Amino acid sequence: MNIRVLGCSGAIAAGYKTTAFLLDHDILIDAGTGVGDLSLDELARIDHILVSHAHLDHVLAIPLLADSVLRMREKAQRPPIQIHALPETLAALRTHLFNGVIWPDFTRLPSADQPVIKLQPFAIGERLNLGGRLIEVLSAVHTVPAVGFAVDGGTDRGHWVFTGDTGPNPALWHRLAEIKLTHLVIETAFGNDEQQLASISRHLCPASLARELAQLSPAQRGLDVHITHIKPGEETAVMAEIAALGLPHRVHALAAGQVMAL
C-alpha cells in the first residue's frame with residue numbers, strides 16, 4: 001500500500017493545497033483542494049472517500065469530483081462512490097453541500113436509483129474493510145464531530161495514522177498505545193504565539209503537540225512523525241518551535257507529493 005499526499009496545508013495559496021491523501025489508487029482520505037491535482041482518469045478510479053469531518057478544507061473536492069466523473073462512471077456502469085463519515089458529517093454534507101442550492105444533489109444524480117455518490121455512515125472504533133485495506137476510525141476532538149484514521153499495513157509493517165483535526169485527545173493515545181505505529185501524521189495548525197486560538201478552535205500548537213506526543217509509549221520512540229495543517233507562510237516558524245522541543249522522534253513537515261509506503 002502507498003499513501004500519496006495530495007494536500008496538507010491549513011489553507012490555500014500558490015503551491016499550497018488543503019488536506020487530501022490518496023491510498024493506492026482508489027481511496028481518498030479527506031478531499032481538500034489537493035484532489036484537484038489528480039488527472040481525470042485518476043479521479044474516475046476513486047471508489048471510496050473517507051471524511052474526517054465536515055469543514056470545507058477537508059470536503060471541498062467531493063462535489064466537484066462527483067460532477068467531473070459522473071459521465072465516465074455512468075458510461076462504464078461503475079457503482080456509486082462511497083462517502084464514509086460520521087452520521088453528523090454526512091448530514092452536514094447533505095444539508096449544506098448537496099442541497100440543490102450550493103451544489104446539485106449528487107446523491108440523486110444522474111438518477112435516484114443510480115447516483116454517482118452514496119453516503120455511508122461509520123462509528124468511532126469501527127474497522128472498515130475497503131477492498132482488503134483495513135482502516136480503523138479513531139476519535140478526534142474538534143469543534144465539530146470529527147475522527148482520525150489508522151490504515152493497517154499488516155503485522156510486520158504497522159499502521160499509518162492520521163489524527164485529523166484535533167485538540168488534546170487522551171482517547172487517541174490510549175488506542176495508539178495498543179497498535180504498532182509506522183507513520184503518525186498529526187496536525188499543528190498554529191504557532192505557540194496563538195496558543196489561545198489553537199485551544200478555542202481545538203487544534204494543536206507546538207506546546208500542546210509536545211504534551212500529546214509524550215503520551216506515546218517508550219517503545220514508540222523514534223517514530224516518523226509528519227506535521228500537517230500548518231498555515232501557508234508559517235512553516236518555518238512552527239517547525240522551528242517543534243525542533244526546539246527536542247522530541248525523541250523523527251519529525252518532518254509533511255509535503256504535498258510525498259509518498260509513504262506501508
# chains A, B, ... in the order shown; residues from 1 in each chain; ligands from 1

call {"tool": "select_by_dssp", "arguments": {"residues": "region 56-145 of chain A", "states": "strand (DSSP E)", "output": "compact mmCIF listing (two decimals) with N, CA and C atoms, in the first residue's frame"}}
result
# COMPACT_ATOMS: atom_id res chain seq x y z
N ILE A 81 -19.65 6.16 -5.90
CA ILE A 81 -18.53 6.43 -5.00
C ILE A 81 -19.08 6.45 -3.58
N GLN A 82 -18.45 5.68 -2.69
CA GLN A 82 -18.92 5.58 -1.31
C GLN A 82 -18.26 6.67 -0.46
N ILE A 83 -19.07 7.53 0.14
CA ILE A 83 -18.57 8.57 1.04
C ILE A 83 -18.77 8.08 2.46
N HIS A 84 -17.68 7.80 3.17
CA HIS A 84 -17.74 7.23 4.52
C HIS A 84 -17.44 8.31 5.55
N ALA A 85 -18.32 8.49 6.51
CA ALA A 85 -18.12 9.52 7.53
C ALA A 85 -19.08 9.27 8.69
N ILE A 117 -22.77 9.23 -6.14
CA ILE A 117 -22.21 9.05 -4.81
C ILE A 117 -23.26 8.48 -3.87
N LYS A 118 -22.79 7.78 -2.86
CA LYS A 118 -23.66 7.21 -1.84
C LYS A 118 -23.04 7.48 -0.48
N LEU A 119 -23.84 7.90 0.47
CA LEU A 119 -23.35 8.25 1.81
C LEU A 119 -23.43 7.04 2.72
N GLN A 120 -22.29 6.71 3.36
CA GLN A 120 -22.20 5.52 4.20
C GLN A 120 -21.72 5.92 5.60
N PRO A 121 -22.55 5.78 6.63
CA PRO A 121 -22.12 6.16 7.98
C PRO A 121 -21.17 5.14 8.61
N ARG A 127 -13.89 -0.79 12.18
CA ARG A 127 -12.82 -1.15 11.24
C ARG A 127 -13.45 -1.42 9.89
N LEU A 128 -13.08 -0.61 8.92
CA LEU A 128 -13.61 -0.73 7.56
C LEU A 128 -12.70 -1.61 6.74
N ASN A 129 -13.30 -2.49 5.95
CA ASN A 129 -12.55 -3.31 5.00
C ASN A 129 -12.92 -2.82 3.61
N LEU A 130 -12.02 -2.09 2.98
CA LEU A 130 -12.27 -1.50 1.67
C LEU A 130 -11.35 -2.17 0.66
N ARG A 133 -8.16 -3.43 2.24
CA ARG A 133 -7.46 -2.46 3.09
C ARG A 133 -8.27 -2.24 4.36
N LEU A 134 -7.64 -2.47 5.52
CA LEU A 134 -8.32 -2.32 6.80
C LEU A 134 -8.01 -0.94 7.37
N ILE A 135 -9.06 -0.18 7.68
CA ILE A 135 -8.91 1.19 8.15
C ILE A 135 -9.78 1.36 9.38
N GLU A 136 -9.16 1.73 10.50
CA GLU A 136 -9.89 1.93 11.75
C GLU A 136 -10.24 3.40 11.91
N VAL A 137 -11.44 3.65 12.39
CA VAL A 137 -11.90 5.01 12.67
C VAL A 137 -11.49 5.39 14.09
N LEU A 138 -10.68 6.43 14.22
CA LEU A 138 -10.16 6.87 15.51
C LEU A 138 -10.92 8.10 16.01
N SER A 139 -10.89 8.33 17.30
CA SER A 139 -11.54 9.51 17.86
C SER A 139 -10.71 10.77 17.58

call {"tool": "residues_around", "arguments": {"residues": "Ser111 (chain A)", "least_positions_apart": "5", "cutoff": "12 Å", "atoms": "only C-alpha atoms", "output": "mmCIF file with C-alpha atoms, in the first residue's frame"}}
result
data_model
loop_
_atom_site.group_PDB
_atom_site.id
_atom_site.type_symbol
_atom_site.label_atom_id
_atom_site.label_comp_id
_atom_site.auth_asym_id
_atom_site.auth_seq_id
_atom_site.Cartn_x
_atom_site.Cartn_y
_atom_site.Cartn_z
ATOM 1 C CA LEU A 70 -20.356 11.317 -13.296
ATOM 2 C CA GLU A 74 -22.189 6.173 -15.756
ATOM 3 C CA PRO A 80 -21.542 4.900 -6.722
ATOM 4 C CA PRO A 104 -26.694 19.734 -7.099
ATOM 5 C CA ASP A 105 -27.678 16.699 -5.045
ATOM 6 C CA PHE A 106 -25.336 14.087 -6.494
ATOM 7 C CA VAL A 116 -22.768 8.925 -8.589
ATOM 8 C CA ILE A 117 -22.205 9.054 -4.808
ATOM 9 C CA LYS A 118 -23.657 7.208 -1.841
#

call {"tool": "residues_around", "arguments": {"residues": "Leu223 (chain A)", "least_positions_apart": "2", "cutoff": "7 Å", "atoms": "only C-alpha atoms", "output": "ChimeraX atom specification"}}
result
/A:182-183,220-221,225,249-250

call {"tool": "atom_distance", "arguments": {"atom1": "CA of Ser9 (chain A)", "atom2": "CA of Thr228 (chain A)"}}
result
6.5 Å

call {"tool": "residues_around", "arguments": {"residues": "Ser201 (chain A)", "least_positions_apart": "5", "cutoff": "8 Å", "atoms": "only C-alpha atoms", "output": "MDAnalysis selection string"}}
result
chainID A and resid 142:143 167

call {"tool": "select_by_dssp", "arguments": {"residues": "region 77-252 of chain A", "states": "helix (DSSP H, G or I)", "output": "MDAnalysis selection string"}}
result
chainID A and resid 87:96 170:176 192:200 206:213 218:220 235:243

call {"tool": "write_last_selection", "arguments": {"atoms": "N, CA and C atoms", "output": "CSV table (one decimal), in the first residue's frame"}}
result
chain,number,residue,atom,x,y,z
A,87,PRO,N,-22.3,10.0,11.0
A,87,PRO,CA,-23.6,10.4,10.6
A,87,PRO,C,-23.8,11.9,10.6
A,88,GLU,N,-23.2,12.6,11.6
A,88,GLU,CA,-23.3,14.0,11.7
A,88,GLU,C,-22.6,14.7,10.5
A,89,THR,N,-21.5,14.1,10.1
A,89,THR,CA,-20.8,14.7,8.9
A,89,THR,C,-21.5,14.5,7.7
A,90,LEU,N,-22.1,13.3,7.5
A,90,LEU,CA,-22.9,13.1,6.3
A,90,LEU,C,-24.2,14.0,6.3
A,91,ALA,N,-24.7,14.2,7.4
A,91,ALA,CA,-25.9,15.2,7.5
A,91,ALA,C,-25.5,16.6,7.1
A,92,ALA,N,-24.3,17.0,7.5
A,92,ALA,CA,-23.8,18.3,7.1
A,92,ALA,C,-23.6,18.4,5.6
A,93,LEU,N,-23.0,17.3,5.0
A,93,LEU,CA,-22.8,17.3,3.5
A,93,LEU,C,-24.1,17.4,2.8
A,94,ARG,N,-25.1,16.6,3.3
A,94,ARG,CA,-26.4,16.6,2.6
A,94,ARG,C,-27.1,18.0,2.8
A,95,THR,N,-27.0,18.6,3.9
A,95,THR,CA,-27.7,19.9,4.2
A,95,THR,C,-27.0,21.1,3.6
A,96,HIS,N,-25.7,21.1,3.6
A,96,HIS,CA,-25.0,22.3,3.2
A,96,HIS,C,-24.3,22.3,1.9
A,170,PRO,N,-6.9,12.4,24.9
A,170,PRO,CA,-6.4,11.3,25.6
A,170,PRO,C,-6.8,9.9,25.0
A,171,ALA,N,-8.1,9.9,24.5
A,171,ALA,CA,-8.6,8.6,24.0
A,171,ALA,C,-7.8,8.1,22.8
A,172,LEU,N,-7.2,9.1,22.0
A,172,LEU,CA,-6.4,8.7,20.8
A,172,LEU,C,-5.2,8.0,21.3
A,173,TRP,N,-4.5,8.5,22.3
A,173,TRP,CA,-3.2,7.9,22.7
A,173,TRP,C,-3.4,6.6,23.4
A,174,HIS,N,-4.5,6.5,24.1
A,174,HIS,CA,-4.9,5.2,24.7
A,174,HIS,C,-5.0,4.1,23.6
A,175,ARG,N,-5.6,4.4,22.5
A,175,ARG,CA,-5.7,3.5,21.4
A,175,ARG,C,-4.4,3.2,20.7
A,176,LEU,N,-3.7,4.3,20.5
A,176,LEU,CA,-2.4,4.2,19.7
A,176,LEU,C,-1.4,3.3,20.5
A,192,ASN,N,3.1,28.8,18.7
A,192,ASN,CA,2.9,29.0,20.2
A,192,ASN,C,2.3,30.4,20.5
A,193,ASP,N,2.6,31.3,19.6
A,193,ASP,CA,2.0,32.7,19.8
A,193,ASP,C,0.5,32.7,19.7
A,194,GLU,N,-0.1,31.7,19.2
A,194,GLU,CA,-1.5,31.6,19.0
A,194,GLU,C,-2.1,30.4,19.8
A,195,GLN,N,-1.5,30.2,21.0
A,195,GLN,CA,-2.0,29.0,21.8
A,195,GLN,C,-3.5,29.2,22.2
A,196,GLN,N,-3.9,30.4,22.5
A,196,GLN,CA,-5.3,30.6,22.8
A,196,GLN,C,-6.2,30.3,21.7
A,197,LEU,N,-5.9,30.7,20.5
A,197,LEU,CA,-6.7,30.4,19.3
A,197,LEU,C,-6.7,28.9,19.0
A,198,ALA,N,-5.5,28.3,19.2
A,198,ALA,CA,-5.5,26.8,19.0
A,198,ALA,C,-6.4,26.1,19.9
A,199,SER,N,-6.4,26.6,21.2
A,199,SER,CA,-7.3,25.9,22.2
A,199,SER,C,-8.8,26.1,21.9
A,200,ILE,N,-9.1,27.4,21.5
A,200,ILE,CA,-10.5,27.7,21.2
A,200,ILE,C,-11.0,26.9,20.0
A,206,PRO,N,2.8,23.8,18.9
A,206,PRO,CA,3.9,23.0,19.3
A,206,PRO,C,3.9,22.6,20.8
A,207,ALA,N,3.5,23.6,21.7
A,207,ALA,CA,3.5,23.2,23.1
A,207,ALA,C,2.5,22.1,23.4
A,208,SER,N,1.3,22.2,22.8
A,208,SER,CA,0.3,21.1,23.1
A,208,SER,C,0.7,19.8,22.3
A,209,LEU,N,1.4,20.0,21.2
A,209,LEU,CA,1.8,18.8,20.4
A,209,LEU,C,2.8,18.0,21.3
A,210,ALA,N,3.7,18.7,22.0
A,210,ALA,CA,4.7,18.0,22.9
A,210,ALA,C,3.9,17.2,24.0
A,211,ARG,N,2.9,17.8,24.5
A,211,ARG,CA,2.2,17.1,25.6
A,211,ARG,C,1.4,15.9,25.0
A,212,GLU,N,0.9,16.0,23.8
A,212,GLU,CA,0.3,14.9,23.2
A,212,GLU,C,1.2,13.7,22.9
A,213,LEU,N,2.4,14.1,22.3
A,213,LEU,CA,3.3,13.0,21.9
A,213,LEU,C,4.0,12.4,23.1
A,218,PRO,N,7.2,4.3,25.6
A,218,PRO,CA,8.7,4.3,25.3
A,218,PRO,C,9.0,3.5,24.1
A,219,ALA,N,8.3,2.4,23.9
A,219,ALA,CA,8.6,1.5,22.7
A,219,ALA,C,8.3,2.2,21.4
A,220,GLN,N,7.6,3.3,21.4
A,220,GLN,CA,7.2,4.0,20.2
A,220,GLN,C,8.1,5.2,20.0
A,235,GLU,N,5.3,27.8,8.0
A,235,GLU,CA,6.0,26.5,8.2
A,235,GLU,C,7.3,26.7,9.0
A,236,THR,N,8.1,27.7,8.6
A,236,THR,CA,9.5,27.8,9.2
A,236,THR,C,9.4,28.1,10.6
A,237,ALA,N,8.5,29.0,11.0
A,237,ALA,CA,8.3,29.3,12.4
A,237,ALA,C,7.8,28.2,13.3
A,238,VAL,N,6.8,27.5,12.8
A,238,VAL,CA,6.2,26.4,13.5
A,238,VAL,C,7.2,25.2,13.6
A,239,MET,N,7.9,24.9,12.5
A,239,MET,CA,8.8,23.8,12.6
A,239,MET,C,10.0,24.1,13.5
A,240,ALA,N,10.4,25.4,13.6
A,240,ALA,CA,11.5,25.8,14.5
A,240,ALA,C,11.1,25.6,15.9
A,241,GLU,N,9.8,25.9,16.2
A,241,GLU,CA,9.3,25.7,17.6
A,241,GLU,C,9.2,24.2,17.9
A,242,ILE,N,8.9,23.4,16.9
A,242,ILE,CA,8.8,22.0,17.2
A,242,ILE,C,10.2,21.4,17.4
A,243,ALA,N,11.2,21.9,16.5
A,243,ALA,CA,12.5,21.4,16.7
A,243,ALA,C,13.1,21.7,18.0

call {"tool": "atom_distance", "arguments": {"atom1": "CA of Met1 (chain A)", "atom2": "CA of Leu254 (chain A)"}}
result
18.4 Å

call {"tool": "atom_distance", "arguments": {"atom1": "CA of Val251 (chain A)", "atom2": "CA of Glu178 (chain A)"}}
result
21.5 Å

call {"tool": "residues_around", "arguments": {"residues": "Ile230 (chain A)", "least_positions_apart": "5", "cutoff": "9 Å", "atoms": "only C-alpha atoms", "output": "ChimeraX atom specification"}}
result
/A:8-11,187-191,235,238,253

call {"tool": "write_last_selection", "arguments": {"atoms": "N, CA, C and O atoms", "output": "mmCIF file, in the first residue's frame"}}
result
data_model
loop_
_atom_site.group_PDB
_atom_site.id
_atom_site.type_symbol
_atom_site.label_atom_id
_atom_site.label_comp_id
_atom_site.auth_asym_id
_atom_site.auth_seq_id
_atom_site.Cartn_x
_atom_site.Cartn_y
_atom_site.Cartn_z
ATOM 1 N N CYS A 8 -1.768 19.139 2.247
ATOM 2 C CA CYS A 8 -1.534 19.027 3.694
ATOM 3 C C CYS A 8 -1.429 20.402 4.352
ATOM 4 O O CYS A 8 -0.899 20.522 5.458
ATOM 5 N N SER A 9 -1.927 21.428 3.699
ATOM 6 C CA SER A 9 -1.843 22.775 4.236
ATOM 7 C C SER A 9 -3.126 23.145 4.974
ATOM 8 O O SER A 9 -4.201 22.614 4.690
ATOM 9 N N GLY A 10 -2.990 24.085 5.912
ATOM 10 C CA GLY A 10 -4.146 24.546 6.650
ATOM 11 C C GLY A 10 -4.985 25.568 5.914
ATOM 12 O O GLY A 10 -6.047 25.970 6.399
ATOM 13 N N ALA A 11 -4.544 25.999 4.755
ATOM 14 C CA ALA A 11 -5.292 26.958 3.930
ATOM 15 C C ALA A 11 -4.664 26.944 2.542
ATOM 16 O O ALA A 11 -3.796 26.113 2.253
ATOM 17 N N GLU A 187 -1.578 16.993 13.191
ATOM 18 C CA GLU A 187 -1.701 18.414 12.882
ATOM 19 C C GLU A 187 -0.999 19.296 13.914
ATOM 20 O O GLU A 187 -0.888 18.945 15.081
ATOM 21 N N THR A 188 -0.498 20.419 13.455
ATOM 22 C CA THR A 188 -0.044 21.512 14.319
ATOM 23 C C THR A 188 -0.404 22.785 13.565
ATOM 24 O O THR A 188 0.383 23.319 12.791
ATOM 25 N N ALA A 189 -1.625 23.250 13.795
ATOM 26 C CA ALA A 189 -2.200 24.292 12.944
ATOM 27 C C ALA A 189 -1.710 25.693 13.280
ATOM 28 O O ALA A 189 -1.807 26.595 12.447
ATOM 29 N N PHE A 190 -1.182 25.881 14.495
ATOM 30 C CA PHE A 190 -0.812 27.225 14.933
ATOM 31 C C PHE A 190 0.548 27.207 15.618
ATOM 32 O O PHE A 190 0.996 26.160 16.119
ATOM 33 N N GLY A 191 1.204 28.373 15.641
ATOM 34 C CA GLY A 191 2.410 28.539 16.421
ATOM 35 C C GLY A 191 2.071 28.795 17.880
ATOM 36 O O GLY A 191 0.916 29.027 18.256
ATOM 37 N N GLU A 235 5.324 27.777 8.032
ATOM 38 C CA GLU A 235 6.015 26.510 8.229
ATOM 39 C C GLU A 235 7.345 26.675 8.963
ATOM 40 O O GLU A 235 7.644 25.896 9.883
ATOM 41 N N VAL A 238 6.761 27.500 12.757
ATOM 42 C CA VAL A 238 6.173 26.386 13.505
ATOM 43 C C VAL A 238 7.162 25.236 13.628
ATOM 44 O O VAL A 238 7.333 24.659 14.714
ATOM 45 N N ALA A 253 8.054 18.148 8.440
ATOM 46 C CA ALA A 253 6.882 18.827 7.893
ATOM 47 C C ALA A 253 6.390 18.023 6.699
ATOM 48 O O ALA A 253 7.159 17.721 5.781
#

call {"tool": "closest_residue", "arguments": {"among": "A:Ala214, A:Val5, A:Ile46, A:Val51", "to": "Pro168 (chain A)", "atoms": "only C-alpha atoms"}}
result
A:Ala214

call {"tool": "residues_around", "arguments": {"residues": "region 15-28 of chain A", "least_positions_apart": "4", "cutoff": "8 Å", "atoms": "only C-alpha atoms", "output": "list in words"}}
result
Met1, Asn2, Ile3, Arg4, Val5, Leu6, Gly7, Cys8, Ser9, Gly10, Ala11, Gly32, Thr33, Gly34, Val35, Glu42, Arg45, Ile46, Asp47, His48, Ile49, Leu50, Asp57, His58, His229, Pro232 and Ala256 of chain A

call {"tool": "closest_residue", "arguments": {"among": "A:Val59, A:Ala54, A:Ile102, A:Ile186", "to": "Pro145 (chain A)", "atoms": "only C-alpha atoms"}}
result
A:Ala54

call {"tool": "residues_around", "arguments": {"residues": "Ile179 (chain A)", "least_positions_apart": "5", "cutoff": "12 Å", "atoms": "only C-alpha atoms", "output": "list in words"}}
result
Glu136, Ala150, Val151, Asp152, Gly153, Gly154, Thr155, Asp156, Arg157, Gly158, His159, Trp160, Val161, Leu172, Trp173, His174, Leu184, Leu216, Ser217, Ala219 and Gln220 of chain A

call {"tool": "write_last_selection", "arguments": {"atoms": "N, CA and C atoms", "output": "short mmCIF file (atom, residue, chain, number, x, y, z; two decimals), in the first residue's frame"}}
result
data_model
loop_
_atom_site.label_atom_id
_atom_site.label_comp_id
_atom_site.auth_asym_id
_atom_site.auth_seq_id
_atom_site.Cartn_x
_atom_site.Cartn_y
_atom_site.Cartn_z
N GLU A 136 -9.16 1.73 10.50
CA GLU A 136 -9.89 1.93 11.75
C GLU A 136 -10.24 3.40 11.91
N ALA A 150 -6.65 5.09 11.05
CA ALA A 150 -5.45 4.25 11.12
C ALA A 150 -5.53 3.21 10.01
N VAL A 151 -4.59 3.28 9.08
CA VAL A 151 -4.53 2.31 7.98
C VAL A 151 -3.59 1.19 8.39
N ASP A 152 -4.11 -0.03 8.40
CA ASP A 152 -3.37 -1.20 8.86
C ASP A 152 -2.52 -1.74 7.72
N GLY A 153 -1.21 -1.65 7.89
CA GLY A 153 -0.30 -2.16 6.86
C GLY A 153 0.07 -3.61 7.05
N GLY A 154 -0.47 -4.26 8.09
CA GLY A 154 -0.14 -5.65 8.36
C GLY A 154 0.78 -5.77 9.55
N THR A 155 0.94 -6.99 10.06
CA THR A 155 1.69 -7.23 11.30
C THR A 155 3.10 -6.69 11.25
N ASP A 156 3.78 -6.89 10.14
CA ASP A 156 5.19 -6.50 10.04
C ASP A 156 5.38 -5.03 9.71
N ARG A 157 4.35 -4.40 9.16
CA ARG A 157 4.53 -3.04 8.64
C ARG A 157 3.91 -1.97 9.52
N GLY A 158 3.02 -2.33 10.41
CA GLY A 158 2.44 -1.35 11.31
C GLY A 158 1.35 -0.52 10.65
N HIS A 159 1.02 0.58 11.31
CA HIS A 159 -0.10 1.43 10.90
C HIS A 159 0.38 2.82 10.48
N TRP A 160 -0.31 3.35 9.48
CA TRP A 160 -0.23 4.77 9.14
C TRP A 160 -1.41 5.43 9.82
N VAL A 161 -1.14 6.42 10.66
CA VAL A 161 -2.20 7.08 11.43
C VAL A 161 -2.27 8.54 11.07
N LEU A 172 -7.24 9.08 22.00
CA LEU A 172 -6.42 8.70 20.85
C LEU A 172 -5.17 7.97 21.30
N TRP A 173 -4.49 8.52 22.28
CA TRP A 173 -3.21 7.94 22.71
C TRP A 173 -3.43 6.62 23.42
N HIS A 174 -4.54 6.47 24.09
CA HIS A 174 -4.86 5.18 24.70
C HIS A 174 -4.97 4.11 23.62
N LEU A 184 3.00 8.58 11.82
CA LEU A 184 1.99 9.36 12.52
C LEU A 184 1.89 10.73 11.87
N LEU A 216 2.84 8.82 24.04
CA LEU A 216 3.27 7.61 23.36
C LEU A 216 4.11 6.76 24.31
N SER A 217 4.10 5.47 24.10
CA SER A 217 4.86 4.58 24.98
C SER A 217 6.35 4.67 24.67
N ALA A 219 8.28 2.39 23.88
CA ALA A 219 8.59 1.53 22.73
C ALA A 219 8.32 2.23 21.41
N GLN A 220 7.57 3.32 21.44
CA GLN A 220 7.23 4.04 20.21
C GLN A 220 8.14 5.24 19.97
#
